[in-house]
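Content type TSV, C-alpha atoms, from the file work.tsv:
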chain	number	residue	atom	x	y	z
A	869	GLU	CA	21.51	-13.84	31.90
A	870	LEU	CA	17.88	-14.86	32.37
A	871	LYS	CA	18.60	-15.96	35.93
A	872	LEU	CA	20.07	-12.55	36.71
A	873	HIS	CA	17.35	-10.60	34.86
A	874	PRO	CA	14.27	-12.83	34.53
A	875	ASN	CA	12.03	-10.05	33.19
A	876	ASP	CA	14.44	-8.74	30.58
A	877	PRO	CA	12.71	-8.94	27.18
A	878	VAL	CA	16.00	-8.87	25.26
A	879	SER	CA	17.37	-11.85	27.17
A	880	SER	CA	14.13	-13.77	26.65
A	881	TYR	CA	14.14	-12.88	22.96
A	882	MET	CA	17.75	-13.96	22.54
A	883	MET	CA	17.10	-17.29	24.26
A	884	GLY	CA	14.11	-17.88	22.02
A	885	LEU	CA	16.10	-16.96	18.93
A	886	ILE	CA	18.95	-19.28	19.87
A	887	LEU	CA	16.56	-22.17	20.45
A	888	GLN	CA	14.77	-21.49	17.18
A	889	LYS	CA	18.06	-21.42	15.27
A	890	GLN	CA	18.93	-24.77	16.86
A	891	GLY	CA	15.72	-26.25	15.47
A	892	LYS	CA	14.01	-26.23	18.87
A	893	THR	CA	11.10	-24.11	17.71
A	894	GLU	CA	8.53	-25.30	20.23
A	895	GLN	CA	10.98	-24.65	23.07
A	896	ALA	CA	11.64	-21.15	21.71
A	897	ILE	CA	8.01	-20.05	21.83
A	898	PRO	CA	7.68	-19.55	25.62
A	899	TYR	CA	10.75	-17.30	25.65
A	900	LEU	CA	9.45	-15.23	22.76
A	901	ARG	CA	6.03	-15.00	24.38
A	902	GLU	CA	7.70	-13.79	27.58
A	903	ALA	CA	9.61	-11.10	25.67
A	904	VAL	CA	6.36	-9.89	24.10
A	905	ALA	CA	4.53	-10.02	27.44
A	906	VAL	CA	7.13	-7.73	28.98
A	907	ASN	CA	7.37	-5.46	25.92
A	908	PRO	CA	4.27	-5.73	23.68
A	909	SER	CA	5.92	-3.54	21.02
A	910	TYR	CA	9.12	-5.58	20.69
A	911	LEU	CA	9.14	-5.93	16.91
A	912	ALA	CA	11.83	-8.61	16.62
A	913	ALA	CA	10.17	-10.80	19.26
A	914	LEU	CA	6.71	-10.37	17.72
A	915	PHE	CA	7.98	-11.25	14.27
A	916	GLN	CA	10.02	-14.24	15.46
A	917	LEU	CA	7.12	-15.53	17.54
A	918	GLY	CA	4.89	-15.42	14.48
A	919	GLN	CA	7.55	-17.19	12.42
A	920	CYS	CA	7.87	-19.93	15.04
A	921	TYR	CA	4.13	-20.55	15.08
A	922	LEU	CA	4.15	-20.80	11.29
A	923	ALA	CA	7.06	-23.24	11.43
A	924	ILE	CA	5.06	-25.62	13.62
A	925	ASN	CA	1.89	-25.22	11.52
A	926	GLN	CA	0.01	-23.12	14.05
A	927	ALA	CA	-0.87	-20.28	11.71
A	928	GLY	CA	-3.85	-19.26	13.81
A	929	ASP	CA	-1.50	-18.49	16.71
A	930	ALA	CA	0.87	-16.64	14.37
A	931	VAL	CA	-1.70	-14.06	13.27
A	932	LYS	CA	-1.93	-12.01	16.47
A	933	PRO	CA	1.81	-11.35	16.97
A	934	LEU	CA	2.25	-10.68	13.25
A	935	GLU	CA	-0.67	-8.24	13.23
A	936	ARG	CA	0.91	-6.46	16.19
A	937	ALA	CA	4.27	-6.42	14.36
A	938	ALA	CA	2.53	-4.77	11.39
A	939	GLU	CA	1.12	-2.13	13.74
A	940	VAL	CA	4.56	-1.50	15.25
A	941	ALA	CA	6.32	-1.41	11.85
A	942	PRO	CA	3.72	-0.50	9.20
A	943	ASP	CA	6.40	0.05	6.54
A	944	ASP	CA	8.15	-3.30	6.98
A	945	ALA	CA	7.56	-5.30	3.79
A	946	GLN	CA	8.74	-8.56	5.34
A	947	VAL	CA	6.25	-8.31	8.20
A	948	HIS	CA	3.38	-7.77	5.76
A	949	PHE	CA	4.55	-10.63	3.55
A	950	VAL	CA	4.68	-13.10	6.46
A	951	LEU	CA	1.37	-11.82	7.84
A	952	GLY	CA	-0.12	-12.47	4.40
A	953	ARG	CA	1.25	-15.99	4.55
A	954	ALA	CA	-0.36	-16.52	7.97
A	955	TYR	CA	-3.68	-15.19	6.72
A	956	GLY	CA	-3.49	-17.50	3.73
A	957	MET	CA	-2.78	-20.51	5.90
A	958	THR	CA	-5.85	-19.72	8.01
A	959	GLY	CA	-8.17	-19.35	5.03
A	960	ARG	CA	-8.39	-15.57	5.16
A	961	SER	CA	-7.67	-15.16	1.45
A	962	ALA	CA	-8.84	-11.54	1.03
A	963	GLU	CA	-6.66	-10.40	3.92
A	964	ALA	CA	-3.78	-12.51	2.62
A	965	GLU	CA	-3.98	-10.83	-0.77
A	966	ARG	CA	-4.15	-7.38	0.85
A	967	GLU	CA	-1.01	-8.06	2.87
A	968	ARG	CA	0.88	-9.50	-0.11
A	969	ASN	CA	-0.04	-6.41	-2.15
A	970	ARG	CA	1.09	-4.17	0.70
A	971	ALA	CA	4.40	-6.06	0.93
A	972	ARG	CA	4.97	-5.71	-2.84
A	973	ALA	CA	4.18	-1.99	-2.75
A	974	LEU	CA	6.53	-1.41	0.18
A	975	GLN	CA	9.27	-3.44	-1.48
A	976	ALA	CA	8.89	-1.52	-4.74
A	977	ARG	CA	9.03	1.80	-2.88
A	978	GLN	CA	12.16	0.72	-1.00
A	979	ASN	CA	13.87	-0.34	-4.22
A	980	VAL	CA	13.35	3.01	-5.94
A	981	GLN	CA	16.68	4.80	-6.22
A	982	PRO	CA	16.77	8.57	-5.82
A	983	PRO	CA	17.82	10.47	-8.94
A	984	ALA	CA	21.55	11.07	-9.24
A	985	SER	CA	22.62	14.59	-8.38
A	986	ARG	CA	24.28	16.60	-11.14

Representation of the structure as structure tokens:
Amino acid sequence: ELKLHPNDPVSSYMMGLILQKQGKTEQAIPYLREAVAVNPSYLAALFQLGQCYLAINQAGDAVKPLERAAEVAPDDAQVHFVLGRAYGMTGRSAEAERERNRARALQARQNVQPPASR
């Protein structure tokens, strides 16, 4: 698929995801970076790229795509949680705490059930 459509962000993302799932995290990163280069708002690729950097202990590199993911999806608790983790790993403790609190608040809001209708 990538040979037929070399600039397709979905194909690049899928290749990166497959490699990451196979434990080939470092090999996945260029594909995920390509997907983000083509589509800078590609939430799944941004998030997975950040996760890959964290997995290989490059938290500093994880921050930028995770910050962008939080801009794209400000109500995604998981994105804020992982961004908080990246901040923590880079020594940015105040920002880490802010993101963890944001993730908890979003999670709590998502878990609230609407009242039953009568």

Do you have, as a tab-separated table, the list of residues of segment 938-974 of chain A lying at most 9 Å from segment 892-916 of chain A, each with its nearest atom pair and that distance in Å to one decimal, counting only C-alpha atoms and ordered by chain then number?
residue	atom	partner	partner_atom	distance
A:Ala938	CA	A:Leu911	CA	8.7
A:Glu939	CA	A:Ser909	CA	8.8
A:Val940	CA	A:Ser909	CA	6.3
A:Ala941	CA	A:Leu911	CA	7.3
A:Val947	CA	A:Phe915	CA	7.0
A:Val950	CA	A:Phe915	CA	8.7

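Reported to one decimal place, the separation of atom CA of Tyr881 of chain A from atom CA of Pro942 of chain A is 21.2 Å.
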
Self-check item: Non-local contacts of Phe949 of chain A (9 Å; only C-alpha atoms; under 3 positions in same chain excluded) as a PyMOL selection string
Solution: chain A and resi 944-946+952-954+964+967-972

Quiz item: Out of A:Gly928, A:Arg977, A:Pro933, A:Cys920, which residue has the shortest atom-to-atom distance to Gly959 of chain A when counting all atoms listed in the file?
Solution: A:Gly928

Practice problem: Kindly indicate which residue among A:Gly884, A:Gly918, A:Tyr955, A:Ala923 lies nearest to Ala937 of chain A, using only C-alpha atoms for the distances. | Solution: A:Gly918
